[in-house]
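Structure file run.txt with compact mmCIF, C-alpha atoms:
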# COMPACT_ATOMS: atom_id res chain seq x y z
CA MET A 285 0.00 0.00 0.00
CA ASP A 286 1.37 3.39 -0.99
CA HIS A 287 1.77 6.24 1.46
CA PRO A 288 -1.41 8.38 1.51
CA LEU A 289 0.60 11.43 0.50
CA ILE A 290 2.62 9.75 -2.29
CA ASP A 291 0.99 11.83 -5.03
CA LEU A 292 1.73 15.09 -3.20
CA ILE A 293 5.30 13.95 -2.49
CA ASN A 294 5.89 13.08 -6.15
CA GLN A 295 4.40 16.42 -7.20
CA LYS A 296 6.77 18.32 -4.87
CA ILE A 297 9.76 16.35 -6.17
CA ARG A 298 8.81 17.06 -9.80
CA ALA A 299 8.39 20.77 -9.03
CA ALA A 300 11.79 20.89 -7.31
CA GLU A 301 13.43 19.11 -10.27
CA GLU A 302 11.86 21.56 -12.73
CA ALA A 303 12.98 24.51 -10.60
CA GLY A 304 16.55 23.15 -10.61
CA ASP A 305 16.65 22.64 -6.85
CA PHE A 306 18.62 19.43 -7.32
CA ASP A 307 21.18 20.91 -9.71
CA ASN A 308 24.77 21.37 -8.53
CA LEU A 309 24.31 19.61 -5.22
CA GLU A 310 27.45 18.91 -3.22
CA GLY A 311 28.73 15.45 -4.09
CA ALA A 312 26.74 15.21 -7.32
CA GLY A 313 28.11 12.49 -9.58
CA LYS A 314 30.18 10.95 -6.81
CA PRO A 315 29.48 7.54 -5.27
CA LEU A 316 27.71 7.43 -1.95
CA PRO A 317 30.02 6.86 1.02
CA LYS A 318 30.42 3.23 2.01
CA ASP A 319 28.40 2.31 5.07
CA ASP A 320 29.34 -0.68 7.23
CA ASP A 321 25.79 -0.91 8.60
CA PRO A 322 23.40 -0.16 5.71
CA GLU A 323 20.31 -1.37 7.60
CA ASN A 324 20.84 1.31 10.26
CA ALA A 325 22.55 3.95 8.12
CA LEU A 326 19.85 6.60 8.59
CA ILE A 327 19.63 6.11 12.34
CA ASN A 328 23.42 6.13 12.70
CA ARG A 329 23.70 9.33 10.63
CA LEU A 330 21.02 11.09 12.68
CA ILE A 331 22.71 10.07 15.91
CA ARG A 332 26.10 11.33 14.66
CA GLU A 333 24.71 14.61 13.33
CA ASN A 334 22.87 15.35 16.56
CA GLY A 335 25.81 14.60 18.83
CA ALA A 336 24.22 11.62 20.50
CA VAL A 337 26.51 9.10 22.12
CA PRO A 338 26.03 5.63 23.58
CA GLU A 339 24.95 5.62 27.21
CA PHE A 340 28.25 4.20 28.44
CA VAL A 341 30.09 7.14 26.84
CA SER A 342 27.97 9.75 28.61
CA LEU A 343 28.28 7.80 31.87
CA SER A 344 32.05 7.66 31.42
CA ARG A 345 32.10 11.44 31.07
CA GLU A 346 30.17 11.76 34.32
CA LEU A 347 32.62 9.38 35.99
CA ARG A 348 35.53 11.53 34.80
CA LYS A 349 33.89 14.59 36.41
CA LEU A 350 33.45 12.68 39.65
CA ARG A 351 37.14 11.70 39.61
CA ASP A 352 38.12 15.33 39.07
CA GLU A 353 35.85 16.41 41.93
CA LEU A 354 37.34 13.71 44.17
CA ALA A 355 40.85 14.96 43.44
CA GLU A 356 39.86 18.52 44.36
CA THR A 357 37.83 17.72 47.49
CA GLY A 358 39.41 17.57 50.92
CA ASP A 359 36.19 17.00 52.87
CA ARG A 360 36.20 13.36 54.01
CA THR A 361 32.43 13.03 54.03
CA ARG A 362 32.13 14.43 50.53
CA ARG A 363 34.99 12.19 49.34
CA ARG A 364 33.19 9.13 50.71
CA ASP A 365 29.96 10.19 48.92
CA ILE A 366 31.86 10.75 45.67
CA MET A 367 33.48 7.31 45.90
CA LYS A 368 30.03 5.74 46.39
CA GLU A 369 28.77 7.61 43.33
CA MET A 370 31.81 6.48 41.36
CA SER A 371 31.21 2.86 42.32
CA MET A 372 27.59 3.06 41.18
CA MET A 373 28.63 4.84 37.99
CA GLU A 374 31.16 2.13 37.17
CA ALA A 375 28.45 -0.52 37.59
CA ARG A 376 26.08 1.45 35.34
CA ILE A 377 28.81 1.78 32.71
CA GLU A 378 29.41 -1.97 32.74
CA LEU A 379 25.69 -2.67 32.34
CA ALA A 380 25.41 -0.12 29.52
CA ARG A 381 28.35 -1.73 27.70
CA LYS A 382 26.62 -5.10 27.92
CA GLY A 383 23.42 -3.53 26.59
CA ARG A 384 21.29 -4.13 29.64
Kindly present the structure from the file in structure tokens form.
Amino acid sequence: MDHPLIDLINQKIRAAEEAGDFDNLEGAGKPLPKDDDPENALINRLIRENGAVPEFVSLSRELRKLRDELAETGDRTRRRDIMKEMSMMEARIELARKGR
């Protein structure tokens, strides 16, 4: 079954072609870049272009901040709290790497 808007979409494409909107596009006439994961190419590109990262990467960044804070903190109570947070963060990173 065709998309309900297929006729409108085709009309817009034809109008853009006639107006020359597709002329002189960057990369015209060149092969498309090779993609190692063609089934997920669109999703991967959107993730890359929007700066998204895997969860374990963002958690690792948070862990780095905690380590920096630990190095700068002299308060024993706060250091103990930071070390607890770091321990939990390391566990979360491991789970995220395993995809759980």
Computed gap from atom CA of A:Ile331 to atom CA of A:Glu374 is 24.2 Å
Computed gap from atom CA of A:Leu350 to atom CA of A:Asp365 is 10.2 Å
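Comparing the minimum interatomic distances between A:Met372 and each of A:Leu347, A:Leu354, A:Ile297, A:Ala303, counting only C-alpha atoms, we find that A:Leu347 sits nearest.
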Each side padded by 6 Å, which centre and which edge lengths in Å (one decimal) define the axis-aligned box around the listed atoms of stretch 286-294 of chain A? Give them as lines of an AutoDock Vina configuration file.
center_x = 2.2
center_y = 9.2
center_z = -2.3
size_x = 19.3
size_y = 23.7
size_z = 19.7
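Residues lying within 12 Å of A:Lys382, counting all atoms listed in the file and ignoring same-chain neighbours fewer than 4 positions away, are Pro338, Glu339, Phe340, Ala375, Arg376, Ile377 and Glu378 of chain A.
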Here atom CA of A:Glu333 and atom CA of A:Lys318 stand apart by 17.0 Å
Practice item. Could you tell me which of A:Arg360, A:Arg332, A:Arg351, A:Lys314 comes closest to A:Met373 if we count all atoms listed in the file? Key: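 Using all atoms listed in the file, the shortest distance to A:Met373 belongs to A:Arg351.
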(message) Give me, as an NGL selection string, all polymer residues having an atom no more than 9 Å from A:Ile366, counting all atoms listed in the file and skipping those fewer than 3 positions away in the same chain.
(response) :A and (350-351 or 353-354 or 361-363 or 369-371)
- Query: With all atoms listed in the file as the basis for distance, which of A:Asp305, A:Ala325, A:Ala300, A:Met367 is at the shortest distance from A:Asp352?
  - Reply: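 Of A:Asp305, A:Ala325, A:Ala300, A:Met367, the one nearest A:Asp352, counting all atoms listed in the file, is A:Met367.
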message = Let me make sure I understand: among A:Arg298, A:Pro317, A:Leu343, A:Asp307, which one has the smallest atom-to-atom distance to A:Arg381 if we use all atoms listed in the file?
response =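 Of all the options, A:Leu343 lies closest to A:Arg381.
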Since the input lacks some atoms of stretch 353-364 of chain A, please model all heavy atoms and print them as a short mmCIF file (atom, residue, chain, number, x, y, z; two decimals), in the coordinates of the input.
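rebuild09.cif written:
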data_model
loop_
_atom_site.label_atom_id
_atom_site.label_comp_id
_atom_site.auth_asym_id
_atom_site.auth_seq_id
_atom_site.Cartn_x
_atom_site.Cartn_y
_atom_site.Cartn_z
N GLU A 353 36.37 15.83 40.68
CA GLU A 353 35.85 16.41 41.93
C GLU A 353 36.51 15.75 43.14
O GLU A 353 36.86 16.42 44.11
CB GLU A 353 34.33 16.23 41.99
CG GLU A 353 33.70 16.90 43.20
CD GLU A 353 32.20 16.74 43.27
OE1 GLU A 353 31.59 16.26 42.29
OE2 GLU A 353 31.63 17.11 44.32
N LEU A 354 36.70 14.43 43.07
CA LEU A 354 37.34 13.71 44.17
C LEU A 354 38.76 14.23 44.40
O LEU A 354 39.17 14.44 45.54
CB LEU A 354 37.37 12.21 43.87
CG LEU A 354 37.99 11.32 44.95
CD1 LEU A 354 37.15 11.35 46.22
CD2 LEU A 354 38.13 9.89 44.42
N ALA A 355 39.47 14.48 43.33
CA ALA A 355 40.85 14.96 43.44
C ALA A 355 40.92 16.35 44.06
O ALA A 355 41.90 16.69 44.71
CB ALA A 355 41.50 14.98 42.05
N GLU A 356 39.86 17.14 43.87
CA GLU A 356 39.86 18.52 44.36
C GLU A 356 39.24 18.67 45.74
O GLU A 356 39.35 19.73 46.35
CB GLU A 356 39.11 19.41 43.37
CG GLU A 356 39.77 19.50 42.00
CD GLU A 356 38.90 20.21 40.99
OE1 GLU A 356 37.82 20.72 41.36
OE2 GLU A 356 39.30 20.25 39.81
N THR A 357 38.58 17.61 46.24
CA THR A 357 37.83 17.72 47.49
C THR A 357 38.65 17.19 48.67
O THR A 357 39.20 16.10 48.60
CB THR A 357 36.50 16.93 47.39
OG1 THR A 357 35.75 17.44 46.31
CG2 THR A 357 35.70 17.03 48.66
N GLY A 358 38.70 17.98 49.71
CA GLY A 358 39.41 17.57 50.92
C GLY A 358 38.47 17.08 52.00
O GLY A 358 38.89 16.39 52.93
N ASP A 359 37.18 17.39 51.87
CA ASP A 359 36.19 17.00 52.87
C ASP A 359 35.99 15.48 52.83
O ASP A 359 35.60 14.92 51.81
CB ASP A 359 34.87 17.72 52.58
CG ASP A 359 33.79 17.38 53.58
OD1 ASP A 359 33.18 16.31 53.45
OD2 ASP A 359 33.56 18.20 54.49
N ARG A 360 36.26 14.82 53.96
CA ARG A 360 36.20 13.36 54.01
C ARG A 360 34.80 12.82 53.73
O ARG A 360 34.65 11.80 53.04
CB ARG A 360 36.69 12.86 55.37
CG ARG A 360 38.18 13.11 55.57
CD ARG A 360 38.62 12.66 56.92
NE ARG A 360 38.52 11.19 56.96
CZ ARG A 360 39.07 10.44 57.88
NH1 ARG A 360 39.77 11.00 58.85
NH2 ARG A 360 38.95 9.14 57.86
N THR A 361 33.80 13.48 54.25
CA THR A 361 32.43 13.03 54.03
C THR A 361 32.07 13.12 52.55
O THR A 361 31.50 12.19 51.97
CB THR A 361 31.43 13.87 54.86
OG1 THR A 361 31.80 13.78 56.24
CG2 THR A 361 30.02 13.37 54.69
N ARG A 362 32.42 14.25 51.95
CA ARG A 362 32.13 14.43 50.53
C ARG A 362 32.93 13.44 49.69
O ARG A 362 32.42 12.88 48.72
CB ARG A 362 32.43 15.87 50.10
CG ARG A 362 32.16 16.14 48.64
CD ARG A 362 30.68 15.98 48.30
NE ARG A 362 30.49 16.04 46.86
CZ ARG A 362 29.70 15.24 46.17
NH1 ARG A 362 28.99 14.31 46.79
NH2 ARG A 362 29.59 15.35 44.87
N ARG A 363 34.18 13.16 50.06
CA ARG A 363 34.99 12.19 49.34
C ARG A 363 34.36 10.80 49.39
O ARG A 363 34.31 10.09 48.39
CB ARG A 363 36.41 12.13 49.90
CG ARG A 363 37.25 13.37 49.58
CD ARG A 363 38.66 13.28 50.15
NE ARG A 363 39.44 12.17 49.65
CZ ARG A 363 40.08 12.16 48.47
NH1 ARG A 363 40.04 13.22 47.70
NH2 ARG A 363 40.76 11.11 48.09
N ARG A 364 33.84 10.42 50.56
CA ARG A 364 33.19 9.13 50.71
C ARG A 364 31.95 9.06 49.81
O ARG A 364 31.71 8.07 49.12
CB ARG A 364 32.81 8.88 52.17
CG ARG A 364 32.25 7.49 52.41
CD ARG A 364 32.02 7.17 53.88
NE ARG A 364 31.14 8.16 54.50
CZ ARG A 364 31.51 8.95 55.51
NH1 ARG A 364 32.72 8.87 56.02
NH2 ARG A 364 30.67 9.82 56.03
#
